[in-house]
$ cat coords_38.txt   # compact mmCIF, C-alpha atoms and all ligand atoms
# COMPACT_ATOMS: atom_id res chain seq x y z
CA MET A 1 0.00 0.00 0.00
CA ALA A 2 1.32 3.36 -0.93
CA LEU A 3 1.76 5.79 1.90
CA ARG A 4 0.09 9.10 1.33
CA GLY A 5 2.30 12.02 1.75
CA ALA A 6 5.37 9.89 2.00
CA ILE A 7 8.32 10.72 -0.16
CA PHE A 8 10.44 7.91 -1.34
CA LEU A 9 14.01 8.85 -1.82
CA ARG A 10 15.88 6.79 -4.29
CA PRO A 11 19.61 6.87 -4.25
CA GLN A 12 20.66 9.13 -7.14
CA PRO A 13 23.39 7.99 -9.45
CA HIS A 14 26.44 10.16 -9.30
CA PRO A 15 26.35 12.81 -12.02
CA PRO A 16 28.92 12.30 -14.70
CA PRO A 17 31.99 14.40 -14.12
CA LEU A 18 31.94 17.74 -16.01
CA PRO A 19 34.23 17.73 -18.98
CA SER A 20 37.21 19.92 -18.24
CA PRO A 21 37.06 23.09 -20.38
CA SER A 22 39.20 23.09 -23.45
CA PRO A 23 42.13 25.53 -23.50
CA TYR A 24 40.14 27.56 -26.08
CA ALA A 25 37.09 27.81 -23.76
CA ARG A 26 39.29 28.79 -20.82
CA ARG A 27 40.93 31.52 -22.88
CA PHE A 28 37.52 32.70 -24.12
CA ARG A 29 36.11 32.87 -20.57
CA ARG A 30 39.17 34.75 -19.35
CA SER A 31 38.97 37.27 -22.20
CA LEU A 32 35.22 37.70 -21.64
CA VAL A 33 35.88 38.53 -18.00
CA VAL A 34 38.53 41.05 -19.07
CA VAL A 35 36.17 42.70 -21.59
CA VAL A 36 33.28 42.92 -19.10
CA ALA A 37 35.58 44.32 -16.42
CA ALA A 38 37.02 46.87 -18.87
CA ALA A 39 33.53 47.95 -19.96
CA ALA A 40 32.45 48.41 -16.34
CA ALA A 41 35.62 50.35 -15.55
CA SER A 42 35.09 52.67 -18.51
CA ARG A 43 31.66 53.60 -17.14
CA ARG A 44 33.14 54.61 -13.82
CA ARG A 45 33.50 58.19 -12.70
CA ARG A 46 36.64 59.96 -13.87
CA PRO A 47 38.54 61.08 -10.76
CA GLN A 48 38.76 64.58 -12.28
CA ASN A 49 35.03 65.20 -11.62
CA ALA A 50 33.96 67.48 -8.78
CA ASP A 51 32.20 65.68 -5.90
CA GLY A 52 28.46 65.39 -6.41
CA GLU A 53 25.78 63.60 -8.38
CA PHE A 54 26.78 64.51 -11.96
CA PHE A 55 29.91 62.96 -13.44
CA VAL A 56 31.59 62.06 -16.72
CA ASP A 57 32.95 58.55 -17.23
CA HIS A 58 36.11 57.29 -18.94
CA ARG A 59 34.42 56.71 -22.32
CA CYS A 60 34.34 60.46 -23.06
CA ILE A 61 35.78 61.13 -26.55
CA ASP A 62 36.54 64.80 -25.85
CA CYS A 63 34.04 65.95 -28.49
CA ASP A 64 33.38 69.18 -26.56
CA THR A 65 29.57 68.99 -26.80
CA CYS A 66 28.82 69.14 -23.05
CA ARG A 67 31.36 71.94 -22.62
CA TRP A 68 29.64 74.28 -25.03
CA MET A 69 26.13 73.23 -24.04
CA ALA A 70 26.69 73.68 -20.29
CA PRO A 71 29.98 75.56 -19.79
CA GLU A 72 29.09 76.37 -16.17
CA VAL A 73 29.21 72.66 -15.33
CA PHE A 74 31.64 70.94 -17.72
CA ALA A 75 35.25 71.69 -18.68
CA ARG A 76 38.17 69.81 -20.20
CA VAL A 77 40.47 68.31 -17.57
CA ASP A 78 43.40 66.11 -18.63
CA GLY A 79 42.20 65.78 -22.21
CA LYS A 80 38.57 64.81 -21.56
CA SER A 81 35.44 66.38 -20.16
CA ALA A 82 34.68 66.46 -16.45
CA VAL A 83 32.11 68.06 -14.19
CA THR A 84 34.07 70.90 -12.64
CA LYS A 85 31.11 72.39 -10.79
CA GLN A 86 27.89 70.62 -9.88
CA PRO A 87 24.75 72.40 -11.19
CA SER A 88 23.54 74.80 -8.52
CA SER A 89 20.52 76.46 -10.15
CA GLU A 90 17.50 75.29 -12.11
CA ASP A 91 19.00 76.69 -15.32
CA GLU A 92 22.32 74.87 -14.78
CA MET A 93 20.48 71.65 -13.95
CA ILE A 94 18.45 71.84 -17.19
CA LYS A 95 21.57 72.55 -19.26
CA ALA A 96 23.47 69.69 -17.60
CA LEU A 97 20.59 67.29 -18.38
CA GLN A 98 20.43 68.55 -21.98
CA ALA A 99 24.17 67.82 -22.25
CA LEU A 100 23.62 64.38 -20.66
CA LEU A 101 21.08 63.51 -23.38
CA SER A 102 23.28 64.93 -26.14
CA CYS A 103 26.53 63.19 -25.17
CA PRO A 104 27.38 60.89 -28.12
CA THR A 105 28.91 58.19 -25.90
CA ASN A 106 26.38 58.41 -23.03
CA SER A 107 29.30 59.27 -20.78
CA ILE A 108 27.45 61.72 -18.55
CA HIS A 109 25.64 60.31 -15.53
CA ASN A 110 23.41 61.55 -12.78
CA GLU A 111 23.63 59.36 -9.65
CA ARG A 112 20.10 60.25 -8.59
CA PRO A 113 17.96 59.96 -11.73
CA THR A 114 15.36 62.70 -11.82
CA LYS A 115 11.92 62.86 -13.41
CA LYS A 116 13.01 66.18 -14.84
CA ILE A 117 14.78 64.22 -17.57
CA LEU A 118 11.36 63.52 -19.12
CA GLU A 119 10.72 67.26 -19.45
CA VAL A 120 14.20 67.75 -20.91
CA HIS A 121 13.59 65.10 -23.61
CA LYS A 122 10.60 67.18 -24.74
CA MET A 123 12.73 70.32 -25.12
CA PHE A 124 14.60 69.00 -28.18
CA PRO A 125 15.10 70.33 -30.78
CA LEU A 126 16.24 73.41 -28.85
CA PRO A 127 15.56 76.84 -30.36
CA ILE A 128 18.88 78.61 -30.89
CA ASP A 129 17.58 82.17 -30.59
CA GLU A 130 13.83 82.59 -30.92
CA THR A 131 14.08 86.31 -31.58
CA VAL A 132 16.97 86.56 -34.02
CA LEU A 133 16.94 83.06 -35.55
CA PRO A 134 13.28 81.99 -35.52
CA GLY A 135 12.79 78.43 -36.75
CA VAL A 136 16.43 77.38 -36.29
CA TYR A 137 17.00 74.58 -33.79
CA HIS A 138 19.78 72.46 -32.32
CA CYS A 139 18.65 68.80 -32.55
CA GLY A 140 20.79 67.51 -29.63
CA TYR A 141 21.30 63.71 -29.34
CA HIS A 142 24.75 63.85 -30.95
CA SER A 143 25.95 60.66 -32.57
CA GLU A 144 29.23 58.87 -31.94
CA LYS A 145 29.11 57.83 -35.61
CA SER A 146 29.84 61.44 -36.56
CA TYR A 147 32.23 62.08 -33.65
CA GLY A 148 29.56 64.04 -31.85
CA ALA A 149 28.75 66.46 -34.70
CA THR A 150 25.88 68.91 -34.24
CA SER A 151 22.72 68.54 -36.26
CA TYR A 152 20.25 71.38 -36.83
CA LEU A 153 16.64 71.70 -37.92
CA ILE A 154 15.34 74.66 -39.92
CA THR A 155 11.58 75.03 -40.14
CA HIS A 156 10.46 76.79 -43.31
CA PRO A 157 7.14 77.26 -45.13
CA GLU A 158 8.52 75.54 -48.25
CA GLY A 159 9.69 72.51 -46.30
CA ASN A 160 11.86 71.90 -43.26
CA ILE A 161 15.53 71.06 -43.59
CA LEU A 162 17.50 68.78 -41.32
CA VAL A 163 21.17 69.80 -41.45
CA ASP A 164 23.36 66.73 -40.86
CA CYS A 165 22.24 63.76 -38.90
CA PRO A 166 21.52 63.39 -35.17
CA ARG A 167 21.51 60.04 -33.37
CA TYR A 168 18.32 58.18 -34.25
CA LYS A 169 16.06 58.57 -31.22
CA GLU A 170 12.34 57.91 -31.30
CA LYS A 171 11.59 60.77 -28.88
CA LEU A 172 13.44 63.21 -31.13
CA VAL A 173 11.70 61.86 -34.24
CA ARG A 174 8.31 62.57 -32.66
CA ASN A 175 9.33 66.08 -31.59
CA ILE A 176 10.60 66.87 -35.10
CA GLU A 177 7.38 65.47 -36.57
CA MET A 178 5.44 67.86 -34.32
CA LEU A 179 7.41 70.70 -35.94
CA GLY A 180 6.40 69.46 -39.40
CA GLY A 181 9.03 66.76 -40.05
CA ALA A 182 11.63 67.42 -42.75
CA ARG A 183 11.44 67.69 -46.52
CA TYR A 184 15.22 67.61 -47.00
CA MET A 185 18.19 66.25 -45.13
CA PHE A 186 21.17 68.33 -46.17
CA LEU A 187 24.45 66.56 -45.43
CA THR A 188 27.41 68.95 -45.22
CA HIS A 189 29.92 66.17 -45.93
CA LYS A 190 30.59 62.47 -45.60
CA ASP A 191 31.67 62.45 -41.93
CA ASP A 192 28.38 63.61 -40.46
CA VAL A 193 25.88 61.28 -42.10
CA GLY A 194 25.38 58.92 -39.08
CA ASP A 195 21.92 57.33 -39.09
CA HIS A 196 20.89 59.08 -42.35
CA GLU A 197 19.11 56.05 -43.77
CA LYS A 198 16.85 55.50 -40.74
CA TRP A 199 16.01 59.18 -40.53
CA SER A 200 15.27 59.62 -44.22
CA LYS A 201 13.05 56.53 -44.30
CA ARG A 202 11.13 57.63 -41.23
CA LEU A 203 10.73 61.30 -42.18
CA LYS A 204 10.46 60.55 -45.93
CA CYS A 205 12.91 63.34 -46.63
CA GLU A 206 15.24 63.69 -49.59
CA ARG A 207 18.92 63.55 -48.76
CA ILE A 208 21.34 66.00 -50.39
CA LEU A 209 25.08 65.28 -50.55
CA HIS A 210 27.84 66.35 -52.92
CA SER A 211 28.92 63.58 -55.30
CA GLY A 212 32.56 64.08 -54.22
CA ASP A 213 31.61 62.72 -50.78
CA VAL A 214 29.28 59.89 -51.82
CA GLU A 215 30.50 56.51 -50.52
CA ALA A 216 28.96 53.03 -50.44
CA SER A 217 26.79 53.84 -47.41
CA THR A 218 25.38 56.95 -49.10
CA ALA A 219 25.21 55.67 -52.68
CA ASP A 220 21.41 55.87 -52.64
CA VAL A 221 21.02 59.50 -51.50
CA GLU A 222 18.25 61.10 -53.52
CA MET A 223 20.02 64.30 -54.60
CA LYS A 224 23.69 64.31 -55.51
CA LEU A 225 25.31 67.66 -56.19
CA HIS A 226 27.75 67.72 -59.11
CA GLY A 227 30.35 70.33 -60.00
CA GLU A 228 31.01 73.57 -58.18
CA GLY A 229 27.51 75.03 -57.75
CA PRO A 230 26.16 77.10 -56.18
CA TRP A 231 22.80 75.36 -55.92
CA SER A 232 19.55 76.64 -54.46
CA ILE A 233 16.73 75.29 -52.33
CA GLY A 234 13.85 77.69 -53.05
CA ASN A 235 14.67 81.38 -52.76
CA ASP A 236 16.08 81.38 -49.26
CA PHE A 237 18.82 78.77 -49.26
CA GLU A 238 22.05 78.54 -51.22
CA LEU A 239 24.42 75.58 -51.15
CA VAL A 240 28.03 76.73 -51.39
CA HIS A 241 30.71 74.24 -52.44
CA THR A 242 33.61 74.60 -49.99
CA PRO A 243 35.96 71.70 -50.81
CA GLY A 244 39.04 71.11 -48.70
CA HIS A 245 38.14 69.37 -45.43
CA THR A 246 36.68 66.76 -47.80
CA LYS A 247 36.28 66.87 -51.56
CA GLY A 248 32.52 67.30 -51.33
CA SER A 249 32.15 69.65 -48.34
CA VAL A 250 29.26 72.07 -48.84
CA CYS A 251 27.97 74.89 -46.61
CA LEU A 252 24.30 75.84 -46.34
CA TYR A 253 23.66 79.58 -46.52
CA TYR A 254 20.30 80.70 -45.09
CA LYS A 255 20.13 84.10 -46.75
CA PRO A 256 17.27 85.95 -44.96
CA LEU A 257 18.70 85.16 -41.50
CA LYS A 258 22.35 85.56 -42.62
CA VAL A 259 23.38 82.18 -41.22
CA LEU A 260 26.03 79.84 -42.59
CA PHE A 261 25.98 76.16 -41.59
CA THR A 262 29.60 75.14 -42.05
CA GLY A 263 29.86 71.43 -41.20
CA ASP A 264 33.57 70.76 -40.64
CA HIS A 265 34.75 73.48 -43.01
CA LEU A 266 35.12 76.26 -40.45
CA ALA A 267 34.60 76.60 -36.69
CA LYS A 268 35.46 78.65 -33.64
CA SER A 269 38.53 77.92 -31.57
CA GLU A 270 37.72 76.44 -28.16
CA GLU A 271 40.33 78.64 -26.53
CA SER A 272 39.66 82.01 -28.18
CA ASP A 273 37.28 83.90 -30.46
CA ASP A 274 39.36 83.01 -33.53
CA LEU A 275 37.98 81.13 -36.52
CA VAL A 276 39.88 77.91 -37.23
CA ILE A 277 39.96 75.14 -39.84
CA PHE A 278 41.51 72.20 -37.88
CA PRO A 279 44.24 71.08 -40.35
CA ILE A 280 44.88 67.92 -38.30
CA TYR A 281 41.40 66.67 -39.16
CA ASN A 282 41.70 67.59 -42.84
CA ARG A 283 40.75 64.68 -45.10
CA HIS A 284 41.45 66.15 -48.52
CA SER A 285 43.49 69.34 -49.01
CA VAL A 286 44.37 72.14 -46.54
CA SER A 287 45.23 74.62 -49.31
CA LEU A 288 41.91 73.93 -51.01
CA GLN A 289 40.16 74.42 -47.66
CA LEU A 290 41.86 77.81 -47.27
CA ASP A 291 40.73 78.81 -50.79
CA SER A 292 37.20 77.85 -49.74
CA VAL A 293 37.49 80.02 -46.60
CA LYS A 294 38.47 82.94 -48.85
CA LYS A 295 35.36 82.35 -50.93
CA LEU A 296 33.16 83.11 -47.90
CA ILE A 297 34.25 86.75 -47.90
CA ASN A 298 31.76 87.29 -50.75
CA LEU A 299 28.80 86.01 -48.72
CA ASN A 300 26.89 88.32 -46.43
CA PHE A 301 26.38 86.38 -43.17
CA GLU A 302 26.59 87.14 -39.47
CA TRP A 303 26.20 83.71 -37.86
CA ILE A 304 28.24 80.54 -38.17
CA LEU A 305 26.54 77.36 -36.98
CA PRO A 306 29.34 74.77 -37.14
CA GLY A 307 29.36 70.99 -37.13
CA HIS A 308 31.51 71.00 -34.01
CA GLY A 309 31.79 73.46 -31.17
CA ARG A 310 30.46 76.88 -30.43
CA ARG A 311 28.23 79.07 -32.55
CA ILE A 312 29.54 82.42 -33.60
CA ARG A 313 27.58 85.62 -33.96
CA PHE A 314 29.33 88.57 -35.58
CA LYS A 315 28.30 92.20 -35.12
CA ASP A 316 28.03 92.59 -38.89
CA ASN A 317 29.40 91.35 -42.20
CA GLN A 318 32.52 93.47 -41.82
CA GLU A 319 33.42 91.89 -38.50
CA LYS A 320 32.86 88.47 -40.10
CA ASN A 321 35.27 89.36 -42.93
CA SER A 322 37.94 90.55 -40.48
CA ALA A 323 37.63 87.20 -38.65
CA LEU A 324 37.94 85.28 -41.94
CA GLU A 325 41.02 87.29 -42.94
CA ALA A 326 42.62 86.75 -39.53
CA CYS A 327 41.97 83.02 -39.85
CA LEU A 328 43.61 82.96 -43.29
CA ASP A 329 46.63 85.01 -42.12
CA LYS A 330 47.21 82.81 -39.09
CA GLN A 331 46.85 79.63 -41.08
CA LEU A 332 49.27 80.80 -43.77
CA LEU A 333 51.82 81.56 -41.06
CA TYR A 334 51.71 77.92 -39.92
CA ALA A 335 51.56 76.53 -43.48
ZN ZN B 1 34.51 66.01 -41.15
$ encode --input "coords_38.txt" --output "structure tokens" --more "lines below"
Ligand SMILES: [Zn+2]
Amino acid sequence: MALRGAIFLRPQPHPPPLPSPSPYARRFRRSLVVVVAAAAASRRRRPQNADGEFFVDHRCIDCDTCRWMAPEVFARVDGKSAVTKQPSSEDEMIKALQALLSCPTNSIHNERPTKKILEVHKMFPLPIDETVLPGVYHCGYHSEKSYGATSYLITHPEGNILVDCPRYKEKLVRNIEMLGGARYMFLTHKDDVGDHEKWSKRLKCERILHSGDVEASTADVEMKLHGEGPWSIGNDFELVHTPGHTKGSVCLYYKPLKVLFTGDHLAKSEESDDLVIFPIYNRHSVSLQLDSVKKLINLNFEWILPGHGRRIRFKDNQEKNSALEACLDKQLLYA
């Protein structure tokens, strides 16, 4: 008779011994441990950060984005960004969170996550200057694929233009759609194309890139510019061929607002108010790039919105030309 509730224990056979790992498996496990440990270490706080909840980790690529977005909080220390002062006002906190979301390597952290981040997501794209540059926005969400380059959105009655490519982020897509989406994606040059395919499919926008910069990944862009231009988009926009940094570098000139989007052709020095061309990052011809800088003297603009670093606003066209001439003089001295 079987006993209810009784448990019969049968002696279990001994499990077969585990096969000893092959030398290959041992090596693989060891290297996996090393990789995981290295990844964790790279996410750790750089010791250069000021005490407090915000910090930058070791993966920072020194792209400068956080430093120009929130200069009160971030600075370069020992070749990478660090939090040098914890945010101490509402404005500084918002800017630090905007920088956190824009960092291309997700290297900025906040030890006590805040619900405020949800509000900050909704702020992008950020208006650059609602009074002087209405309809011109900074997209944020910089992409590591373009070394943290800045992407802009211009809203315009004849169709919005996305200038270069931000990181693909669903929240940003929805915010751009609320501003009317984009009719064109203008790509200044081959380095800053990032997630162009995903964006163009989602927004159903036509991509514009100079044929001199078309590569396998961009072979299917809808509009390829050939020759030396200039080309127009409607009455308000001119595309100016500025070869040098790359063969197919092109600037976008927004005539009514006197703004030039320069990609990697021309930028502001991080240390001073000087204009610079970064010869060490040149990918085609420095002398050609200098010729293309000279060409800008003929354009009447007062703002430079660059692919990397700080925006520049000149008092007038004359001040802009003095800055261009100083840049050329300085560069020729080093040449
Ligand atoms: Zn570039």
$ residues_near_ligand --input "coords_38.txt" --ligand "ligand ZN 1 (chain B)" --cutoff "9 Å" --atoms "all atoms listed in the file" --output "PyMOL selection string"
chain A and resi 146-147+149+188-192+245-246+249+263-265+281-283+307
$ residues_around --input "coords_38.txt" --residues "Gln98 (chain A)" --least-positions-apart "5" --cutoff "9 Å" --atoms "only C-alpha atoms" --output "ChimeraX atom specification"
/A:66,69-70,93,103,117,120-121,123-124,140-141
$ residues_around --input "coords_38.txt" --residues "Gly229 (chain A)" --least-positions-apart "2" --cutoff "7 Å" --atoms "all atoms listed in the file" --output "ChimeraX atom specification"
/A:227,231,240-241
$ residues_near_point --input "coords_38.txt" --point "(29.3, 68.6, -25.0)" --cutoff "12 Å" --atoms "only C-alpha atoms" --output "PyMOL selection string"
chain A and resi 56+60-76+80-83+95-108+140-144+147-150+270+308-310
$ residues_around --input "coords_38.txt" --residues "region 49-53 of chain A" --least-positions-apart "6" --cutoff "7 Å" --atoms "only C-alpha atoms" --output "mmCIF file with C-alpha atoms, in the coordinates of the input"
data_model
loop_
_atom_site.group_PDB
_atom_site.id
_atom_site.type_symbol
_atom_site.label_atom_id
_atom_site.label_comp_id
_atom_site.auth_asym_id
_atom_site.auth_seq_id
_atom_site.Cartn_x
_atom_site.Cartn_y
_atom_site.Cartn_z
ATOM 1 C CA ALA A 82 34.680 66.460 -16.450
ATOM 2 C CA VAL A 83 32.110 68.060 -14.190
ATOM 3 C CA THR A 84 34.070 70.900 -12.640
ATOM 4 C CA LYS A 85 31.110 72.390 -10.790
ATOM 5 C CA GLN A 86 27.890 70.620 -9.880
ATOM 6 C CA ASN A 110 23.410 61.550 -12.780
ATOM 7 C CA GLU A 111 23.630 59.360 -9.650
ATOM 8 C CA ARG A 112 20.100 60.250 -8.590
#
$ closest_residue --input "coords_38.txt" --among "A:Val173, A:Ala216, A:Leu290, A:Leu126" --to "Ile154 (chain A)" --atoms "all atoms listed in the file"
A:Leu126
$ closest_residue --input "coords_38.txt" --among "A:Ile161, A:Val259, A:Val293, A:Ile208" --to "Asn317 (chain A)" --atoms "only C-alpha atoms"
A:Val259
$ atom_distance --input "coords_38.txt" --atom1 "CA of Ile280 (chain A)" --atom2 "CA of Phe314 (chain A)"
26.0 Å
$ atom_distance --input "coords_38.txt" --atom1 "CA of Tyr253 (chain A)" --atom2 "CA of Leu179 (chain A)"
21.3 Å
$ atom_distance --input "coords_38.txt" --atom1 "CA of Lys145 (chain A)" --atom2 "CA of Gly181 (chain A)"
22.4 Å
$ closest_residue --input "coords_38.txt" --among "A:Ser322, A:Pro166, A:Cys205, A:Leu328" --to "Leu266 (chain A)" --atoms "only C-alpha atoms"
A:Leu328
